Amino acid sequence: MNMKRLIIFLAYLLMTTTVPAQDHHVRRQPKSVQQTKTKPVAKPQSKPVTKPSSRPVSKARSSQPSNVPLCPDNHHPHMIDLGLPSGTKWACCNVGADKPEAYGGYYAWGETETKYEYSWKTYKYCDGTSNCKSLGWDIADTSYDVAHVKWGDRWVLPLHDQQEELMNNCTCKWMTMNGVAGEKFTSKRNGASIFLPAAGYRDDSGLDYVGSYGFYWSSTQNPSYSHYAYYLDFNSANVDWYGISCYLGQSVRPVSSN
């Protein structure tokens, strides 16, 4: 286990147990097990009970198209340096994609292959219900890490803390790239950018919210619920993070510290 990632997560756990109740780490606890399979109406109902106020994002949010290239060439993936405090570099495209605006594959948390149906019945690490075994607090750089398995040693799933670092150190702008809607994260430190397409997610055999929401897995399991993992969420009005059921098929944007 990477000692740096362990130290980051232990610090996060300390914050969740010591910060007063008004802090966002405390308020964003998931719903009960009984609510995790509720079919979403406008947003997934397996998210936390109390939705926090919208994270401050760039006032320049718009759907204005952009065809400005984010990569030096077409030999993807590239490692994009956003000047983040941790030194984390973000990939220019999703696992299974061949360019920044492509959706790529949809993966259940801890699984490394796409499939036709995404449900508790087909999730590899539970008994057909939401009774799941724990894969560990951080699955990065393990056999459960699809980024590591598909792309090799230099790439891993991002920690939840690394997704927060991305949000806190970038301006966020909803836009379209080559006709694909999504979120552009531009570094406040060096001006570099990455684009995450609004790929939606897979539930059962369906594909929901394509073009209106992005759902990106972290490597971090909810410490209180083994059937939940944290993920980055965005739409045209908001960028935030939540915990959600592990069986859902979501996008993966790898990171590297090399």
# chains A, B, ... in the order shown; residues from 1 in each chain; ligands from 1
>>> residues_around(residues="Gly152 (chain A)", least_positions_apart="3", cutoff="12 Å", atoms="only C-alpha atoms", output="list in words")
Pro77, Val95, Ala140, Asp141, Thr142, Ser143, Asp145, Val146, Ala147, His148, Val149, Trp155, Val156, Leu157, Pro254, Val255 and Ser256 of chain A
>>> residues_around(residues="region 132-136 of chain A", least_positions_apart="6", cutoff="8 Å", atoms="only C-alpha atoms", output="ChimeraX atom specification")
/A:110,125-126,144,221,226-227
>>> residues_around(residues="Lys99 (chain A)", least_positions_apart="4", cutoff="9 Å", atoms="only C-alpha atoms", output="PyMOL selection string")
chain A and resi 74-77+92-94+103-104
>>> write_last_selection(atoms="C-alpha atoms", output="PDB file, in the first residue's frame")
ATOM      1  CA  ASN A  74      -3.328  12.542 -30.580  1.00  0.00           C
ATOM      2  CA  HIS A  75      -1.255   9.858 -28.870  1.00  0.00           C
ATOM      3  CA  HIS A  76      -3.472   9.492 -25.805  1.00  0.00           C
ATOM      4  CA  PRO A  77      -3.443   9.196 -22.873  1.00  0.00           C
ATOM      5  CA  CYS A  92      -6.417  13.553 -20.510  1.00  0.00           C
ATOM      6  CA  CYS A  93      -9.104  10.931 -21.210  1.00  0.00           C
ATOM      7  CA  ASN A  94     -11.175   8.186 -19.598  1.00  0.00           C
ATOM      8  CA  TYR A 103     -17.058   8.512 -22.862  1.00  0.00           C
ATOM      9  CA  GLY A 104     -14.970   5.356 -22.558  1.00  0.00           C
TER      10      GLY A 104
END
>>> select_by_dssp(residues="region 129-204 of chain A", states="helix (DSSP H, G or I)", output="ChimeraX atom specification")
/A:146-151,160-168
>>> residues_around(residues="Ala199 (chain A)", least_positions_apart="2", cutoff="12 Å", atoms="only C-alpha atoms", output="PyMOL selection string")
chain A and resi 94+97+100-106+180-183+195-197+201-202+207-216+233-235+249-253
>>> atom_distance(atom1="CA of Asp153 (chain A)", atom2="CA of Ser224 (chain A)")
29.2 Å
>>> select_by_dssp(residues="region 89-208 of chain A", states="strand (DSSP E or B)", output="VMD selection string")
chain A and resid 89 to 91 107 118 126 132 138 156 170 to 177 180 to 187 193 to 197 200 to 204 206 to 208
>>> write_last_selection(atoms="C-alpha atoms", output="mmCIF file, in the first residue's frame")
data_model
loop_
_atom_site.group_PDB
_atom_site.id
_atom_site.type_symbol
_atom_site.label_atom_id
_atom_site.label_comp_id
_atom_site.auth_asym_id
_atom_site.auth_seq_id
_atom_site.Cartn_x
_atom_site.Cartn_y
_atom_site.Cartn_z
ATOM 1 C CA LYS A 89 -1.147 14.451 -12.638
ATOM 2 C CA TRP A 90 -4.504 13.747 -14.317
ATOM 3 C CA ALA A 91 -5.053 11.731 -17.474
ATOM 4 C CA TYR A 107 -17.217 0.068 -14.633
ATOM 5 C CA TYR A 118 -25.129 -3.455 -13.717
ATOM 6 C CA CYS A 126 -21.621 -9.076 -2.990
ATOM 7 C CA CYS A 132 -20.851 -6.721 0.035
ATOM 8 C CA ASP A 138 -8.315 2.359 -1.061
ATOM 9 C CA VAL A 156 -4.367 4.489 -10.786
ATOM 10 C CA CYS A 170 -9.487 24.548 -10.517
ATOM 11 C CA THR A 171 -12.207 26.717 -12.003
ATOM 12 C CA CYS A 172 -15.010 24.561 -13.375
ATOM 13 C CA LYS A 173 -16.877 25.351 -16.568
ATOM 14 C CA TRP A 174 -19.745 23.418 -18.163
ATOM 15 C CA MET A 175 -19.163 23.375 -21.917
ATOM 16 C CA THR A 176 -19.180 21.270 -25.043
ATOM 17 C CA MET A 177 -16.086 19.903 -26.733
ATOM 18 C CA VAL A 180 -19.907 16.566 -26.333
ATOM 19 C CA ALA A 181 -21.139 18.192 -23.110
ATOM 20 C CA GLY A 182 -19.029 17.999 -19.985
ATOM 21 C CA GLU A 183 -16.942 19.825 -17.398
ATOM 22 C CA LYS A 184 -13.678 21.624 -18.056
ATOM 23 C CA PHE A 185 -11.351 21.921 -15.060
ATOM 24 C CA THR A 186 -8.780 24.692 -15.470
ATOM 25 C CA SER A 187 -5.965 25.002 -12.954
ATOM 26 C CA SER A 193 -6.977 22.069 -18.311
ATOM 27 C CA ILE A 194 -8.684 18.694 -18.519
ATOM 28 C CA PHE A 195 -12.150 17.923 -19.888
ATOM 29 C CA LEU A 196 -14.447 15.300 -18.371
ATOM 30 C CA PRO A 197 -17.397 14.324 -20.594
ATOM 31 C CA GLY A 200 -23.956 9.464 -17.387
ATOM 32 C CA TYR A 201 -23.933 6.040 -15.744
ATOM 33 C CA ARG A 202 -25.111 2.458 -16.268
ATOM 34 C CA ASP A 203 -27.867 1.004 -14.067
ATOM 35 C CA ASP A 204 -29.268 -2.449 -14.900
ATOM 36 C CA GLY A 206 -29.818 1.159 -19.137
ATOM 37 C CA LEU A 207 -27.632 4.183 -19.735
ATOM 38 C CA ASP A 208 -28.889 7.242 -17.850
#
>>> atom_distance(atom1="CA of Leu248 (chain A)", atom2="CA of His160 (chain A)")
17.2 Å
>>> decode(residues="region 212-249 of chain A", atoms="C-alpha atoms", output="compact mmCIF listing (two decimals), in the first residue's frame")
# COMPACT_ATOMS: atom_id res chain seq x y z
CA SER A 212 -26.32 16.00 -18.53
CA TYR A 213 -24.31 14.44 -15.67
CA GLY A 214 -20.84 13.06 -15.12
CA PHE A 215 -20.12 10.34 -12.54
CA TYR A 216 -16.46 9.46 -11.91
CA TRP A 217 -15.29 6.81 -9.44
CA SER A 218 -12.63 7.43 -6.82
CA SER A 219 -10.57 4.61 -5.31
CA THR A 220 -11.98 5.32 -1.84
CA GLN A 221 -14.57 3.14 -0.16
CA ASN A 222 -16.99 4.69 2.31
CA PRO A 223 -15.53 3.77 5.73
CA SER A 224 -18.98 2.99 7.17
CA TYR A 225 -20.61 1.15 4.25
CA SER A 226 -18.76 -1.46 2.20
CA HIS A 227 -21.38 -1.24 -0.58
CA TYR A 228 -20.67 2.48 -1.09
CA ALA A 229 -17.73 4.26 -2.70
CA TYR A 230 -17.05 7.95 -3.29
CA TYR A 231 -17.22 9.61 -6.68
CA LEU A 232 -17.01 12.98 -8.43
CA ASP A 233 -20.34 14.34 -9.69
CA PHE A 234 -21.09 17.28 -11.97
CA ASN A 235 -23.79 18.80 -14.15
CA SER A 236 -24.44 22.19 -15.74
CA ALA A 237 -25.05 23.84 -12.35
CA ASN A 238 -22.83 22.10 -9.83
CA VAL A 239 -19.61 20.16 -9.17
CA ASP A 240 -19.41 18.05 -6.03
CA TRP A 241 -18.78 14.58 -4.59
CA TYR A 242 -20.93 11.88 -3.00
CA GLY A 243 -21.07 8.23 -2.03
CA ILE A 244 -23.08 5.78 -4.16
CA SER A 245 -23.77 2.07 -4.65
CA CYS A 246 -20.75 0.16 -5.94
CA TYR A 247 -22.66 -1.88 -8.53
CA LEU A 248 -23.37 1.11 -10.80
CA GLY A 249 -21.35 1.46 -13.99
